[in-house]
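Engineer: I'd like to ask some things about the structure below.
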Amino acid sequence: MKELTLNNGTKMPALGFGTYKISDAEGVGAVQTALEIGYRHIDTAQMYHNEAGVGSGIAAAGVARGEIFLTTKLDNPYHLPEDARREFAASLEKLGTDYVDLFLMHWPVPMYYDGDFVTTYQVMEEFVADGRARAVGVSNFEGYHIDKLLDAGCSVPAVNQVELHPYFQNREVVAYCQAHGIAVEAWSPLGRATVLTDPTILQIAERYAATAAQVVLAWQLAKGYIAIPKSVNPQRQQENFAAQQLELDAAALAAIDDLDRGEAGRIGKHPDEFDRMTTN
């Protein structure tokens, strides 16, 4: 299994299992199956309202907690310090664990807590200090958002989870993160399936006798990104997991690089335009 070493020394599997839009009830079976297949990285969020199902799935799989890299994220209305502390504790209870491996701030939302996500992040750092989080990071942050954290003396985020797929390669944010030692994690790594019918992807898939999803995930991993595809279909879960064995040549990687559409390829909202809790 491919792993990355985060900037605080924590090891993180590069391929994880995402649970966005997987219901609490579905989460039990989906997570259990994913772990039985071999996934050791599970990603959820308070916003997804499925932490209890994820926790039950982990318990049902019988995999030792120490073998699982578990991520959850702070929901947008809970940026006030007392709210962040309360909701983090609630997440641990729902997940059935006394720590998470990674806790992310989901969005740098300006409409909550007067846009003061710096203080919120400082509260999150408390969870690392007391051992309830192995690492903290951010999600959907642009470089200038992270600059605010660094200017305030905060620790460098371990991870920035952002929209990233062949049609939207988010290159400016990626370059910023790489320059600052921040791991880049792709949500919607398959572009919500929009890229899976792309002729270039399909041609590469045919050449490698692979699925389109495997080609896209192999590209993500080759670029050094973390990817968290999601599916409740066991066969798709297995196929996605097998993408770790696919090694694309330089020509295939370059062809996928050329699919970038810049902002025109973005599926979700730009962080500066985000004003509702409806996006990953």
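Just so we're on the same page: first chain in the structure tokens is A, next is B, and so on; residues restart at 1 for each chain, and ligands are numbered from 1 in the order they show up.
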Neighbouring residues of Pro157 of chain A were defined as those with any atom within 7 Å, considering only C-alpha atoms; residues of the same chain fewer than 2 positions away were excluded. Please report them as a PyMOL selection string.
Structural biologist: chain A and resi 136-138+155+159+182
Engineer: Which neighbours of Leu248 of chain A fall inside 9 Å, counting only C-alpha atoms, when residues of the same chain fewer than 6 positions from it are skipped, and could you give them as a list in words?
Structural biologist: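 Surrounding residues, per the criterion: Ile204, Tyr208, Val215, Ala218, Trp219 and Ala222 of chain A.
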Engineer: For Ala227 of chain A, list every protein, DNA or RNA residue within 9 Å, evaluated using only C-alpha atoms, and leave out those in the same chain fewer than 4 positions away; present the list as number ranges by chain.
Structural biologist: A: 14-18, 184-189, 217, 220-221
Engineer: Restricting the calculation to only C-alpha atoms: of A:Asp260, A:Glu126, A:Asp83, A:Asp116, which residue gets closest to Val195 of chain A?
Structural biologist: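 Distance minimum relative to Val195 of chain A lands on A:Asp260.
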Engineer: Please identify which residues in segment 199-235 of chain A DSSP calls helix (DSSP H, G or I) from the backbone, and express them as a PyMOL selection string.
Structural biologist: chain A and resi 199-208+212-222+234-235
Engineer: Take the residues from that selection and put them in a file with C-alpha atoms, as a compact mmCIF listing (two decimals), in the first residue's frame.
Structural biologist:
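Output saved as part-v7.txt:
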```
# COMPACT_ATOMS: atom_id res chain seq x y z
CA PRO A 199 -11.77 9.69 -24.79
CA THR A 200 -8.19 10.15 -23.62
CA ILE A 201 -8.88 8.34 -20.34
CA LEU A 202 -10.71 5.55 -22.17
CA GLN A 203 -7.87 5.11 -24.67
CA ILE A 204 -5.34 4.82 -21.86
CA ALA A 205 -7.61 2.40 -20.00
CA GLU A 206 -7.86 0.20 -23.07
CA ARG A 207 -4.10 0.21 -23.54
CA TYR A 208 -3.54 -0.88 -19.95
CA ALA A 212 -11.16 4.43 -16.47
CA ALA A 213 -11.33 4.97 -12.71
CA GLN A 214 -8.14 2.98 -12.20
CA VAL A 215 -6.35 5.14 -14.76
CA VAL A 216 -7.43 8.38 -13.06
CA LEU A 217 -6.51 7.11 -9.61
CA ALA A 218 -3.15 5.84 -10.84
CA TRP A 219 -2.50 9.30 -12.27
CA GLN A 220 -3.39 10.88 -8.91
CA LEU A 221 -1.04 8.56 -7.04
CA ALA A 222 1.77 9.05 -9.55
CA PRO A 234 -17.92 -3.81 -3.51
CA GLN A 235 -16.68 -4.51 -7.04
```
Engineer: Could you check how far atom CA of Tyr20 of chain A sits from atom CA of Val174 of chain A, in Å to one decimal?
Structural biologist: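 Distance between the two atoms: 22.1 Å.
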Engineer: Nearest to Ala254 of chain A: which of A:Pro13, A:Pro271, A:Pro108, A:Pro166 is it, counting only C-alpha atoms?
Structural biologist: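 Going through A:Pro13, A:Pro271, A:Pro108, A:Pro166 one by one, the smallest distance to Ala254 of chain A is for A:Pro166.
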Engineer: So which bits of segment 79-261 of chain A end up strand (DSSP E or B) when you DSSP the backbone, as a list in words?
Structural biologist: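 Matching residues for strand (DSSP E or B) in segment 79-261 of chain A are Val100, Leu102, Phe103, Leu104, Met105, Ala133, Val136, Gly137, Val138, Ser139, Val159, Asn160, Gln161, Val162, Glu163, His165, Phe168, Ala183, Val184, Glu185, Ala186, Trp187, Ile226 and Ala227 of chain A.
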Engineer: Name the residues in contact with Val128 of chain A at a cut-off of 12 Å, using only C-alpha atoms, excluding same-chain residues fewer than 6 positions from it; report them as a ChimeraX atom specification.
Structural biologist: /A:8,10,88,99-104,121-122,134-137,155,157-158
Engineer: Between atom CA of Ala210 of chain A and atom CA of Asn240 of chain A, what is the spacing in Å?
Structural biologist: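 Between atom CA of Asn240 of chain A and atom CA of Ala210 of chain A the gap is 10.3 Å.
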